[in-house]
$ cat final_25.pdb   # PDB, C-alpha atoms
MODEL        1
ATOM      1  CA  MET D   1       0.000   0.000   0.000
ATOM      2  CA  ALA D   2       2.885   2.368   0.780
ATOM      3  CA  VAL D   3       4.575   1.531  -2.508
ATOM      4  CA  THR D   4       1.317   2.092  -4.351
ATOM      5  CA  ALA D   5       0.839   5.486  -2.657
ATOM      6  CA  VAL D   6       4.370   6.631  -3.531
ATOM      7  CA  ALA D   7       4.065   5.394  -7.094
ATOM      8  CA  ASP D   8       0.664   7.064  -7.551
ATOM      9  CA  VAL D   9       1.921  10.415  -6.264
ATOM     10  CA  THR D  10       5.053  10.167  -8.410
ATOM     11  CA  ALA D  11       3.397   9.001 -11.642
ATOM     12  CA  GLY D  12       0.302  11.159 -11.361
ATOM     13  CA  PRO D  13      -3.375  10.345 -11.890
ATOM     14  CA  THR D  14      -3.021   9.389 -15.554
ATOM     15  CA  VAL D  15      -1.379   5.993 -14.814
ATOM     16  CA  GLY D  16      -4.310   4.639 -12.784
ATOM     17  CA  LEU D  17      -2.503   2.985  -9.848
ATOM     18  CA  LEU D  18      -5.118   3.842  -7.245
ATOM     19  CA  PRO D  19      -7.028   0.479  -7.367
ATOM     20  CA  LEU D  20      -3.800  -1.310  -6.361
ATOM     21  CA  VAL D  21      -4.377  -0.072  -2.796
ATOM     22  CA  ALA D  22      -6.806  -3.014  -2.548
ATOM     23  CA  LEU D  23      -3.809  -5.379  -2.438
ATOM     24  CA  GLY D  24      -3.386  -4.470   1.253
ATOM     25  CA  PRO D  25      -6.682  -5.931   2.543
ATOM     26  CA  ALA D  26      -6.389  -8.773   0.013
ATOM     27  CA  PHE D  27      -3.121 -10.038   1.515
ATOM     28  CA  ALA D  28      -4.310  -9.265   5.040
ATOM     29  CA  GLY D  29      -7.283 -11.595   4.513
ATOM     30  CA  LEU D  30      -4.937 -14.388   3.449
ATOM     31  CA  THR D  31      -2.497 -14.097   6.342
ATOM     32  CA  GLY D  32      -4.187 -12.308   9.250
ATOM     33  CA  GLY D  33      -7.317 -12.518  11.331
ATOM     34  CA  PRO D  34     -10.603 -10.634  10.820
ATOM     35  CA  ARG D  35      -9.596  -7.753  13.121
ATOM     36  CA  ARG D  36      -6.287  -7.178  11.355
ATOM     37  CA  THR D  37      -7.987  -7.444   7.954
ATOM     38  CA  ALA D  38     -10.586  -4.863   8.991
ATOM     39  CA  LEU D  39      -7.898  -2.452  10.221
ATOM     40  CA  ILE D  40      -5.892  -2.827   7.008
ATOM     41  CA  GLY D  41      -9.101  -2.390   4.989
ATOM     42  CA  LEU D  42      -9.982   0.790   6.893
ATOM     43  CA  LEU D  43      -6.481   2.134   6.275
ATOM     44  CA  ALA D  44      -6.831   1.265   2.578
ATOM     45  CA  VAL D  45     -10.137   3.160   2.346
ATOM     46  CA  VAL D  46      -8.597   6.231   4.028
ATOM     47  CA  LEU D  47      -5.582   6.034   1.731
ATOM     48  CA  CYS D  48      -7.815   5.641  -1.320
ATOM     49  CA  LEU D  49      -9.873   8.680  -0.316
ATOM     50  CA  ALA D  50      -6.735  10.757   0.293
ATOM     51  CA  LEU D  51      -5.070   9.780  -2.984
ATOM     52  CA  GLY D  52      -8.287  10.155  -4.951
ATOM     53  CA  ARG D  53      -8.813  13.673  -3.559
ATOM     54  CA  TYR D  54      -5.155  14.537  -4.174
ATOM     55  CA  ASP D  55      -5.409  13.348  -7.789
ATOM     56  CA  GLY D  56      -8.824  14.944  -8.279
ATOM     57  CA  LEU D  57     -10.397  11.656  -9.359
ATOM     58  CA  PHE D  58     -13.712  11.908  -7.482
ATOM     59  CA  SER D  59     -15.053  14.382 -10.019
ATOM     60  CA  GLY D  60     -15.338  11.427 -12.400
ATOM     61  CA  ARG D  61     -15.888   7.671 -12.164
ATOM     62  CA  ARG D  62     -12.292   6.591 -11.611
ATOM     63  CA  GLY D  63     -12.146   7.628  -7.970
ATOM     64  CA  THR D  64     -15.490   6.040  -7.139
ATOM     65  CA  THR D  65     -14.538   2.819  -8.942
ATOM     66  CA  ALA D  66     -11.260   2.567  -7.027
ATOM     67  CA  LEU D  67     -13.025   3.186  -3.714
ATOM     68  CA  VAL D  68     -15.645   0.518  -4.447
ATOM     69  CA  SER D  69     -12.842  -1.908  -5.385
ATOM     70  CA  VAL D  70     -11.071  -1.336  -2.076
ATOM     71  CA  VAL D  71     -14.274  -1.777  -0.066
ATOM     72  CA  GLY D  72     -15.207  -4.923  -2.001
ATOM     73  CA  VAL D  73     -11.796  -6.521  -1.592
ATOM     74  CA  THR D  74     -11.839  -5.674   2.123
ATOM     75  CA  ALA D  75     -15.205  -7.410   2.518
ATOM     76  CA  ALA D  76     -13.912 -10.452   0.625
ATOM     77  CA  GLY D  77     -10.766 -10.482   2.795
ATOM     78  CA  LEU D  78     -12.878 -10.449   5.956
ATOM     79  CA  VAL D  79     -14.899 -13.423   4.734
ATOM     80  CA  ALA D  80     -11.694 -15.288   3.805
ATOM     81  CA  ALA D  81     -10.128 -14.557   7.207
ATOM     82  CA  VAL D  82     -13.181 -15.808   9.093
ATOM     83  CA  MET D  83     -13.406 -18.990   7.011
ATOM     84  CA  ARG D  84      -9.683 -19.661   7.393
ATOM     85  CA  GLN D  85      -9.885 -19.319  11.170
ATOM     86  CA  ARG D  86     -12.776 -21.778  11.256
ATOM     87  CA  ARG D  87     -10.814 -24.282   9.153
ATOM     88  CA  GLU D  88      -7.768 -23.882  11.366
ATOM     89  CA  ALA D  89      -9.882 -24.537  14.456
ATOM     90  CA  GLU D  90     -11.380 -27.648  12.830
ATOM     91  CA  LEU D  91      -7.924 -28.870  11.807
ATOM     92  CA  ALA D  92      -6.616 -28.371  15.342
ATOM     93  CA  SER D  93      -9.525 -30.413  16.672
ATOM     94  CA  VAL D  94      -8.916 -33.183  14.136
ATOM     95  CA  ARG D  95      -5.216 -33.246  15.014
ATOM     96  CA  SER D  96      -5.971 -33.575  18.715
ATOM     97  CA  ILE D  97      -8.328 -36.474  17.978
ATOM     98  CA  ALA D  98      -5.663 -38.069  15.773
ATOM     99  CA  GLU D  99      -3.118 -37.781  18.574
ATOM    100  CA  VAL D 100      -5.490 -39.525  20.973
ATOM    101  CA  ALA D 101      -6.161 -42.236  18.386
ATOM    102  CA  GLN D 102      -2.431 -42.693  17.902
ATOM    103  CA  ARG D 103      -1.848 -43.099  21.635
ATOM    104  CA  VAL D 104      -4.595 -45.726  21.755
ATOM    105  CA  LEU D 105      -3.519 -47.576  18.616
ATOM    106  CA  LEU D 106       0.260 -47.130  18.787
ATOM    107  CA  ARG D 107       0.994 -46.880  22.463
ATOM    108  CA  PRO D 108       4.444 -45.717  23.537
ATOM    109  CA  VAL D 109       6.722 -48.718  23.869
ATOM    110  CA  PRO D 110       8.319 -49.315  27.283
ATOM    111  CA  ARG D 111      11.826 -47.872  27.507
ATOM    112  CA  THR D 112      12.946 -51.085  29.216
ATOM    113  CA  ALA D 113      11.544 -54.577  28.748
ATOM    114  CA  GLY D 114      13.296 -57.415  30.511
ATOM    115  CA  GLY D 115      16.981 -56.981  29.760
ATOM    116  CA  LEU D 116      16.277 -54.777  26.745
ATOM    117  CA  SER D 117      16.185 -51.069  26.076
ATOM    118  CA  ALA D 118      13.620 -50.153  23.437
ATOM    119  CA  ALA D 119      12.892 -47.116  21.300
ATOM    120  CA  VAL D 120      10.585 -46.454  18.391
ATOM    121  CA  SER D 121      10.411 -43.923  15.571
ATOM    122  CA  TYR D 122       7.269 -43.491  13.505
ATOM    123  CA  THR D 123       6.517 -41.055  10.705
ATOM    124  CA  ALA D 124       3.244 -41.088   8.785
ATOM    125  CA  ALA D 125       3.440 -40.276   5.078
ATOM    126  CA  VAL D 126       0.628 -37.743   5.574
ATOM    127  CA  ALA D 127       1.864 -35.455   8.324
ATOM    128  CA  GLU D 128      -1.616 -34.179   9.182
ATOM    129  CA  ALA D 129      -2.866 -37.723   9.737
ATOM    130  CA  ARG D 130      -0.298 -38.535  12.475
ATOM    131  CA  ILE D 131      -1.133 -42.237  12.068
ATOM    132  CA  GLY D 132      -1.056 -44.603   9.116
ATOM    133  CA  GLY D 133      -0.791 -48.265   8.214
ATOM    134  CA  ASP D 134       2.460 -49.164   9.999
ATOM    135  CA  LEU D 135       2.273 -50.858  13.382
ATOM    136  CA  TYR D 136       4.543 -51.926  16.232
ATOM    137  CA  GLU D 137       4.267 -53.259  19.757
ATOM    138  CA  VAL D 138       6.483 -54.576  22.556
ATOM    139  CA  VAL D 139       5.013 -56.999  25.121
ATOM    140  CA  THR D 140       6.752 -58.740  28.017
ATOM    141  CA  PHE D 141       5.702 -62.271  28.922
ATOM    142  CA  PRO D 142       7.058 -64.837  31.408
ATOM    143  CA  GLY D 143       9.592 -66.207  28.918
ATOM    144  CA  GLY D 144      11.005 -62.902  27.672
ATOM    145  CA  VAL D 145       9.839 -60.190  25.302
ATOM    146  CA  ARG D 146       7.683 -60.415  22.177
ATOM    147  CA  VAL D 147       7.526 -57.715  19.534
ATOM    148  CA  ILE D 148       5.811 -57.108  16.231
ATOM    149  CA  VAL D 149       6.497 -54.636  13.438
ATOM    150  CA  GLY D 150       4.194 -54.633  10.438
ATOM    151  CA  ASP D 151       2.915 -52.739   7.429
ATOM    152  CA  VAL D 152      -0.710 -52.868   6.315
ATOM    153  CA  GLN D 153      -1.378 -53.012   2.585
ATOM    154  CA  GLY D 154      -2.906 -49.725   1.461
ATOM    155  CA  LYS D 155      -3.411 -46.421   3.245
ATOM    156  CA  GLY D 156      -6.168 -44.395   4.830
ATOM    157  CA  LEU D 157      -8.723 -45.288   7.462
ATOM    158  CA  ASP D 158      -9.068 -48.884   6.240
ATOM    159  CA  ALA D 159      -5.365 -49.455   6.856
ATOM    160  CA  VAL D 160      -5.628 -47.909  10.328
ATOM    161  CA  GLU D 161      -8.554 -50.182  11.156
ATOM    162  CA  THR D 162      -6.622 -53.243  10.006
ATOM    163  CA  ALA D 163      -3.608 -52.185  12.080
ATOM    164  CA  ALA D 164      -5.873 -51.919  15.120
ATOM    165  CA  ASP D 165      -7.144 -55.472  14.536
ATOM    166  CA  VAL D 166      -3.619 -56.876  14.264
ATOM    167  CA  LEU D 167      -2.340 -55.052  17.342
ATOM    168  CA  GLY D 168      -5.350 -56.102  19.404
ATOM    169  CA  ALA D 169      -4.836 -59.750  18.480
ATOM    170  CA  PHE D 170      -1.086 -59.566  19.140
ATOM    171  CA  ARG D 171      -1.434 -57.922  22.560
ATOM    172  CA  GLU D 172      -3.767 -60.682  23.671
ATOM    173  CA  ALA D 173      -1.867 -63.580  22.116
ATOM    174  CA  ALA D 174       1.572 -62.419  23.249
ATOM    175  CA  HIS D 175       0.525 -62.854  26.895
ATOM    176  CA  ASP D 176      -1.430 -66.087  26.495
ATOM    177  CA  GLU D 177       0.343 -68.292  23.959
ATOM    178  CA  PRO D 178       3.224 -70.466  25.197
ATOM    179  CA  ASP D 179       5.230 -70.289  21.959
ATOM    180  CA  LEU D 180       5.721 -67.979  18.984
ATOM    181  CA  ALA D 181       3.914 -70.310  16.606
ATOM    182  CA  GLY D 182       0.786 -69.985  18.719
ATOM    183  CA  VAL D 183       1.031 -66.179  18.573
ATOM    184  CA  SER D 184       1.294 -66.180  14.789
ATOM    185  CA  ALA D 185      -1.583 -68.652  14.484
ATOM    186  CA  ARG D 186      -3.789 -66.329  16.550
ATOM    187  CA  LEU D 187      -2.817 -63.416  14.341
ATOM    188  CA  GLU D 188      -3.616 -65.354  11.190
ATOM    189  CA  ARG D 189      -7.017 -66.406  12.508
ATOM    190  CA  ALA D 190      -7.844 -62.848  13.515
ATOM    191  CA  MET D 191      -6.843 -61.566  10.088
ATOM    192  CA  ASN D 192      -8.806 -64.213   8.232
ATOM    193  CA  ARG D 193     -11.858 -63.586  10.388
ATOM    194  CA  SER D 194     -11.868 -59.822   9.887
ATOM    195  CA  LEU D 195     -10.469 -59.395   6.382
ATOM    196  CA  ASP D 196     -11.439 -62.550   4.460
ATOM    197  CA  GLY D 197      -8.432 -62.201   2.147
ATOM    198  CA  GLU D 198      -9.249 -58.668   1.037
ATOM    199  CA  ARG D 199      -6.259 -57.041   2.740
ATOM    200  CA  PHE D 200      -2.915 -58.281   4.023
ATOM    201  CA  VAL D 201      -0.191 -57.242   6.442
ATOM    202  CA  THR D 202       3.528 -57.860   6.099
ATOM    203  CA  ALA D 203       5.011 -58.348   9.541
ATOM    204  CA  VAL D 204       7.872 -59.668  11.617
ATOM    205  CA  VAL D 205       6.936 -61.322  14.897
ATOM    206  CA  ALA D 206       9.940 -61.759  17.197
ATOM    207  CA  GLU D 207      10.588 -63.322  20.566
ATOM    208  CA  ILE D 208      13.647 -62.398  22.620
ATOM    209  CA  ARG D 209      14.175 -65.283  24.989
ATOM    210  CA  GLU D 210      15.911 -65.545  28.340
ATOM    211  CA  ASP D 211      18.503 -67.964  26.874
ATOM    212  CA  ARG D 212      20.014 -65.000  24.946
ATOM    213  CA  SER D 213      18.477 -65.834  21.602
ATOM    214  CA  VAL D 214      15.921 -64.260  19.313
ATOM    215  CA  ALA D 215      13.345 -66.163  17.253
ATOM    216  CA  LEU D 216      11.669 -64.583  14.233
ATOM    217  CA  LEU D 217       8.675 -65.315  12.049
ATOM    218  CA  ASN D 218       8.743 -63.213   8.872
ATOM    219  CA  TYR D 219       5.515 -62.731   6.935
ATOM    220  CA  GLY D 220       6.835 -61.153   3.735
ATOM    221  CA  HIS D 221       8.413 -58.237   5.600
ATOM    222  CA  PRO D 222      11.846 -56.576   5.209
ATOM    223  CA  ALA D 223      14.447 -58.598   7.114
ATOM    224  CA  PRO D 224      15.467 -57.175  10.510
ATOM    225  CA  LEU D 225      19.037 -56.008  11.018
ATOM    226  CA  LEU D 226      21.047 -57.589  13.836
ATOM    227  CA  VAL D 227      24.089 -55.586  14.955
ATOM    228  CA  ASP D 228      26.527 -57.418  17.217
ATOM    229  CA  ALA D 229      28.349 -55.708  20.051
ATOM    230  CA  ASP D 230      31.576 -55.692  17.996
ATOM    231  CA  GLY D 231      29.860 -53.726  15.190
ATOM    232  CA  THR D 232      29.318 -56.515  12.681
ATOM    233  CA  ALA D 233      25.818 -56.670  11.223
ATOM    234  CA  ARG D 234      23.692 -59.038   9.209
ATOM    235  CA  PHE D 235      20.153 -59.118   7.943
ATOM    236  CA  LEU D 236      18.081 -61.933   9.464
ATOM    237  CA  THR D 237      16.684 -63.093   6.135
ATOM    238  CA  PRO D 238      14.370 -66.119   6.352
ATOM    239  CA  PRO D 239      15.349 -69.193   4.306
ATOM    240  CA  THR D 240      12.043 -69.061   2.410
ATOM    241  CA  ARG D 241       9.601 -66.220   1.878
ATOM    242  CA  ALA D 242       6.151 -66.611   3.389
ATOM    243  CA  LEU D 243       2.891 -64.942   2.453
ATOM    244  CA  PRO D 244       1.823 -61.913   4.507
ATOM    245  CA  LEU D 245      -0.721 -62.173   7.278
ATOM    246  CA  GLY D 246      -4.270 -62.285   5.957
ATOM    247  CA  LEU D 247      -3.504 -64.529   3.000
ATOM    248  CA  GLY D 248      -3.689 -67.768   4.960
ATOM    249  CA  VAL D 249      -7.057 -68.482   3.355
ATOM    250  CA  TYR D 250      -5.120 -69.607   0.289
ATOM    251  CA  GLY D 251      -3.643 -72.562   2.160
ATOM    252  CA  ALA D 252       0.021 -71.540   2.002
ATOM    253  CA  GLU D 253       2.410 -72.723   4.704
ATOM    254  CA  GLY D 254       3.487 -70.286   7.360
ATOM    255  CA  PRO D 255       7.041 -68.997   7.767
ATOM    256  CA  GLU D 256       9.884 -71.020   9.226
ATOM    257  CA  THR D 257      11.217 -69.935  12.595
ATOM    258  CA  LEU D 258      14.596 -68.228  12.289
ATOM    259  CA  THR D 259      16.736 -68.255  15.436
ATOM    260  CA  ALA D 260      19.863 -66.205  16.143
ATOM    261  CA  ALA D 261      22.032 -65.441  19.144
ATOM    262  CA  PHE D 262      21.271 -62.181  20.924
ATOM    263  CA  HIS D 263      23.834 -61.248  23.554
ATOM    264  CA  PRO D 264      24.387 -58.211  25.815
ATOM    265  CA  GLY D 265      25.485 -55.245  23.717
ATOM    266  CA  ASP D 266      23.724 -56.512  20.577
ATOM    267  CA  GLN D 267      21.041 -54.491  18.821
ATOM    268  CA  LEU D 268      18.058 -55.557  16.727
ATOM    269  CA  LEU D 269      16.483 -53.076  14.319
ATOM    270  CA  LEU D 270      13.034 -53.850  12.926
ATOM    271  CA  TYR D 271      11.596 -51.472  10.333
ATOM    272  CA  THR D 272       9.042 -51.116   7.550
ATOM    273  CA  ASP D 273       9.587 -50.635   3.836
ATOM    274  CA  GLY D 274       9.200 -46.874   4.207
ATOM    275  CA  VAL D 275      12.781 -47.007   5.527
ATOM    276  CA  SER D 276      14.400 -49.524   3.194
ATOM    277  CA  GLU D 277      12.648 -48.172   0.084
ATOM    278  CA  ALA D 278      13.329 -44.471   0.676
ATOM    279  CA  ARG D 279      14.890 -43.185  -2.562
ATOM    280  CA  ASP D 280      17.080 -40.239  -3.353
ATOM    281  CA  GLY D 281      16.869 -38.036  -6.427
ATOM    282  CA  ARG D 282      18.679 -40.667  -8.509
ATOM    283  CA  GLY D 283      16.239 -43.393  -7.481
ATOM    284  CA  GLU D 284      18.708 -45.240  -5.230
ATOM    285  CA  PHE D 285      17.374 -46.973  -2.126
ATOM    286  CA  TYR D 286      18.505 -45.980   1.348
ATOM    287  CA  PRO D 287      21.699 -47.946   2.219
ATOM    288  CA  LEU D 288      20.704 -49.062   5.696
ATOM    289  CA  ASP D 289      23.613 -51.482   6.127
ATOM    290  CA  SER D 290      26.129 -48.663   5.616
ATOM    291  CA  ARG D 291      24.632 -46.442   8.335
ATOM    292  CA  LEU D 292      25.476 -48.622  11.315
ATOM    293  CA  HIS D 293      27.626 -45.910  12.888
ATOM    294  CA  LEU D 294      24.418 -43.994  13.628
ATOM    295  CA  LEU D 295      23.366 -46.757  16.039
ATOM    296  CA  ARG D 296      26.449 -46.450  18.248
ATOM    297  CA  VAL D 297      25.210 -43.536  20.346
ATOM    298  CA  ASP D 298      24.480 -43.981  24.030
ATOM    299  CA  SER D 299      20.679 -44.284  23.866
ATOM    300  CA  PRO D 300      18.307 -46.027  21.444
ATOM    301  CA  GLU D 301      16.164 -42.886  21.180
ATOM    302  CA  ARG D 302      19.072 -40.763  19.982
ATOM    303  CA  ALA D 303      20.148 -43.522  17.613
ATOM    304  CA  LEU D 304      16.740 -43.618  15.919
ATOM    305  CA  ASP D 305      16.595 -39.815  15.784
ATOM    306  CA  ALA D 306      19.921 -39.746  13.961
ATOM    307  CA  LEU D 307      18.841 -42.539  11.632
ATOM    308  CA  HIS D 308      15.547 -40.810  10.840
ATOM    309  CA  ARG D 309      17.297 -37.530  10.031
ATOM    310  CA  ASP D 310      19.678 -39.380   7.748
ATOM    311  CA  ILE D 311      16.794 -41.081   5.914
ATOM    312  CA  VAL D 312      15.026 -37.753   5.362
ATOM    313  CA  GLU D 313      18.292 -36.221   4.133
ATOM    314  CA  HIS D 314      18.766 -39.149   1.750
ATOM    315  CA  ALA D 315      15.237 -38.749   0.388
ATOM    316  CA  GLY D 316      15.703 -35.004   0.070
ATOM    317  CA  GLY D 317      12.448 -34.206   1.871
ATOM    318  CA  PRO D 318       9.407 -35.836   3.485
ATOM    319  CA  LEU D 319       9.127 -39.584   2.992
ATOM    320  CA  GLY D 320       6.576 -40.839   0.502
ATOM    321  CA  ASP D 321       5.477 -43.763   2.691
ATOM    322  CA  ASP D 322       4.867 -44.495   6.355
ATOM    323  CA  ALA D 323       8.132 -45.326   8.099
ATOM    324  CA  ALA D 324       8.404 -47.157  11.424
ATOM    325  CA  MET D 325      11.566 -48.311  13.203
ATOM    326  CA  LEU D 326      11.857 -50.294  16.425
ATOM    327  CA  LEU D 327      15.290 -50.625  18.003
ATOM    328  CA  LEU D 328      15.946 -53.207  20.726
ATOM    329  CA  ARG D 329      19.259 -53.016  22.561
ATOM    330  CA  TYR D 330      20.378 -55.800  24.877
ATOM    331  CA  ARG D 331      21.745 -53.934  27.884
ATOM    332  CA  SER D 332      25.245 -54.877  28.971
TER     333      SER D 332
ENDMDL
END

$ encode --input "final_25.pdb" --output "structure tokens"
Amino acid sequence: MAVTAVADVTAGPTVGLLPLVALGPAFAGLTGGPRRTALIGLLAVVLCLALGRYDGLFSGRRGTTALVSVVGVTAAGLVAAVMRQRREAELASVRSIAEVAQRVLLRPVPRTAGGLSAAVSYTAAVAEARIGGDLYEVVTFPGGVRVIVGDVQGKGLDAVETAADVLGAFREAAHDEPDLAGVSARLERAMNRSLDGERFVTAVVAEIREDRSVALLNYGHPAPLLVDADGTARFLTPPTRALPLGLGVYGAEGPETLTAAFHPGDQLLLYTDGVSEARDGRGEFYPLDSRLHLLRVDSPERALDALHRDIVEHAGGPLGDDAAMLLLRYRS
């Protein structure tokens, strides 16, 4: 508005810059509240009247037209400011509900479970949603600790509902079943009962036992990464690939149990494909096995924070898929 006033006085009335004063209330309606928009609009009207009188434009139609333009844009800016505030209030309410839903669905994992330290990192592909189709849980039972990390096929509310079904079945089975095969069988029955083969979930179900070993059942999920205390690492790839959870109606055999040693100082990283399939500008996948130095910090939380920042830097921006990571560290 100040630039317009200076330019109008400098160029004179023949150029016709006076209607540009309406840009003030127009931008105020986009960025400010109704009160600020009204004040800017009032200032624009006063400025329009002053410039129009200075230029002698009110003797004809040009001054009146400019004044009507400023008043009209101010009214439109007020309406836009009010509507934007209402949308912001609705969005804040939806976000608070989403945060509550996330705490119910994806509860914070315990920082310690048995002899383990645990930490989790979760990023939804849609930031406003806060929750998505990835899932995780850590449950202690008399024989050790059982965990699950999974990825529901698809996105949206249907994926969230499926994740809730899987987590509910796992939380119940992890306490009741005597072995890992019984846990996976309960999960498969729950999936078949609720989904009827229409949706599936890739998942890794793991059991960290008191005899310093870890047992895994992999349902078509990215292989977990086991990092020994001396820094060597290997992916716990199953000997044969199994179908994801929810496809048991087709009669396929379940996964074979993979067992590995898990000693004090070792770390186990479980993750979803949003991590392993993060691509850079050249289309190259994230090299997880070459980022092991990020896991050497003193706490699992800081390790996952550093790893998450590195993944985002590799992708060059927000991730295109939900990304969940669960780090288990066997305390020395």

$ atom_distance --input "final_25.pdb" --atom1 "CA of Ala278 in chain D" --atom2 "CA of Ala315 in chain D"
6.0 Å

$ atom_distance --input "final_25.pdb" --atom1 "CA of Arg309 in chain D" --atom2 "CA of Gly133 in chain D"
21.1 Å

$ resolve_selection --input "final_25.pdb" --expression "the PyMOL selection byres ((chain D and resi 67) around 8)" --output "PyMOL selection string"
chain D and resi 19+45+48-49+63-66+68-71

$ resolve_selection --input "final_25.pdb" --expression "the PyMOL selection byres ((chain D and resi 112) around 10)" --output "list of chain:residue names"
D:Val109, D:Pro110, D:Arg111, D:Ala113, D:Gly114, D:Gly115, D:Leu116, D:Ser117, D:Ala118, D:Ala119, D:Val138, D:Thr140, D:Leu328, D:Arg329, D:Tyr330, D:Arg331

$ resolve_selection --input "final_25.pdb" --expression "the PyMOL selection byres ((chain D and resi 242) around 7)" --output "MDAnalysis selection string"
chainID D and resid 218:220 240:241 243:244 254:255

$ residues_around --input "final_25.pdb" --residues "range 9-13 of chain D" --least-positions-apart "2" --cutoff "9 Å" --atoms "all atoms listed in the file" --output "PyMOL selection string"
chain D and resi 4-7+15-18+51-52+54-57

$ residues_around --input "final_25.pdb" --residues "Met1 in chain D" --least-positions-apart "6" --cutoff "8 Å" --atoms "all atoms listed in the file" --output "VMD selection string"
chain D and resid 20 to 24 44

$ atom_distance --input "final_25.pdb" --atom1 "CA of Leu294 in chain D" --atom2 "CA of Arg212 in chain D"
24.3 Å

$ decode --input "final_25.pdb" --residues "range 172-189 of chain D" --atoms "N, CA and C atoms" --output "mmCIF file, in the first residue's frame"
data_model
loop_
_atom_site.group_PDB
_atom_site.id
_atom_site.type_symbol
_atom_site.label_atom_id
_atom_site.label_comp_id
_atom_site.auth_asym_id
_atom_site.auth_seq_id
_atom_site.Cartn_x
_atom_site.Cartn_y
_atom_site.Cartn_z
ATOM 1 N N GLU D 172 -3.120 -59.598 22.916
ATOM 2 C CA GLU D 172 -3.767 -60.682 23.671
ATOM 3 C C GLU D 172 -2.982 -61.977 23.553
ATOM 4 N N ALA D 173 -2.555 -62.313 22.324
ATOM 5 C CA ALA D 173 -1.867 -63.580 22.116
ATOM 6 C C ALA D 173 -0.479 -63.594 22.728
ATOM 7 N N ALA D 174 0.205 -62.451 22.734
ATOM 8 C CA ALA D 174 1.572 -62.419 23.249
ATOM 9 C C ALA D 174 1.628 -62.785 24.721
ATOM 10 N N HIS D 175 0.567 -62.508 25.477
ATOM 11 C CA HIS D 175 0.525 -62.854 26.895
ATOM 12 C C HIS D 175 0.084 -64.303 27.115
ATOM 13 N N ASP D 176 -0.781 -64.818 26.223
ATOM 14 C CA ASP D 176 -1.430 -66.087 26.495
ATOM 15 C C ASP D 176 -0.725 -67.291 25.887
ATOM 16 N N GLU D 177 -0.179 -67.137 24.689
ATOM 17 C CA GLU D 177 0.343 -68.292 23.959
ATOM 18 C C GLU D 177 1.709 -68.712 24.508
ATOM 19 N N PRO D 178 1.947 -70.010 24.645
ATOM 20 C CA PRO D 178 3.224 -70.466 25.197
ATOM 21 C C PRO D 178 4.393 -70.364 24.226
ATOM 22 N N ASP D 179 4.139 -70.365 22.918
ATOM 23 C CA ASP D 179 5.230 -70.289 21.959
ATOM 24 C C ASP D 179 4.878 -69.299 20.853
ATOM 25 N N LEU D 180 5.883 -68.981 20.030
ATOM 26 C CA LEU D 180 5.721 -67.979 18.984
ATOM 27 C C LEU D 180 4.805 -68.474 17.879
ATOM 28 N N ALA D 181 4.809 -69.771 17.624
ATOM 29 C CA ALA D 181 3.914 -70.310 16.606
ATOM 30 C C ALA D 181 2.454 -70.096 16.986
ATOM 31 N N GLY D 182 2.148 -70.232 18.278
ATOM 32 C CA GLY D 182 0.786 -69.985 18.719
ATOM 33 C C GLY D 182 0.382 -68.539 18.550
ATOM 34 N N VAL D 183 1.317 -67.603 18.781
ATOM 35 C CA VAL D 183 1.031 -66.179 18.573
ATOM 36 C C VAL D 183 0.705 -65.907 17.113
ATOM 37 N N SER D 184 1.526 -66.426 16.210
ATOM 38 C CA SER D 184 1.294 -66.180 14.789
ATOM 39 C C SER D 184 0.000 -66.825 14.311
ATOM 40 N N ALA D 185 -0.330 -68.007 14.867
ATOM 41 C CA ALA D 185 -1.583 -68.652 14.484
ATOM 42 C C ALA D 185 -2.784 -67.814 14.914
ATOM 43 N N ARG D 186 -2.703 -67.216 16.095
ATOM 44 C CA ARG D 186 -3.789 -66.329 16.550
ATOM 45 C C ARG D 186 -3.909 -65.113 15.644
ATOM 46 N N LEU D 187 -2.787 -64.567 15.235
ATOM 47 C CA LEU D 187 -2.817 -63.416 14.341
ATOM 48 C C LEU D 187 -3.446 -63.783 13.002
ATOM 49 N N GLU D 188 -3.071 -64.931 12.483
ATOM 50 C CA GLU D 188 -3.616 -65.354 11.190
ATOM 51 C C GLU D 188 -5.116 -65.586 11.274
ATOM 52 N N ARG D 189 -5.573 -66.186 12.358
ATOM 53 C CA ARG D 189 -7.017 -66.406 12.508
ATOM 54 C C ARG D 189 -7.756 -65.084 12.628
#
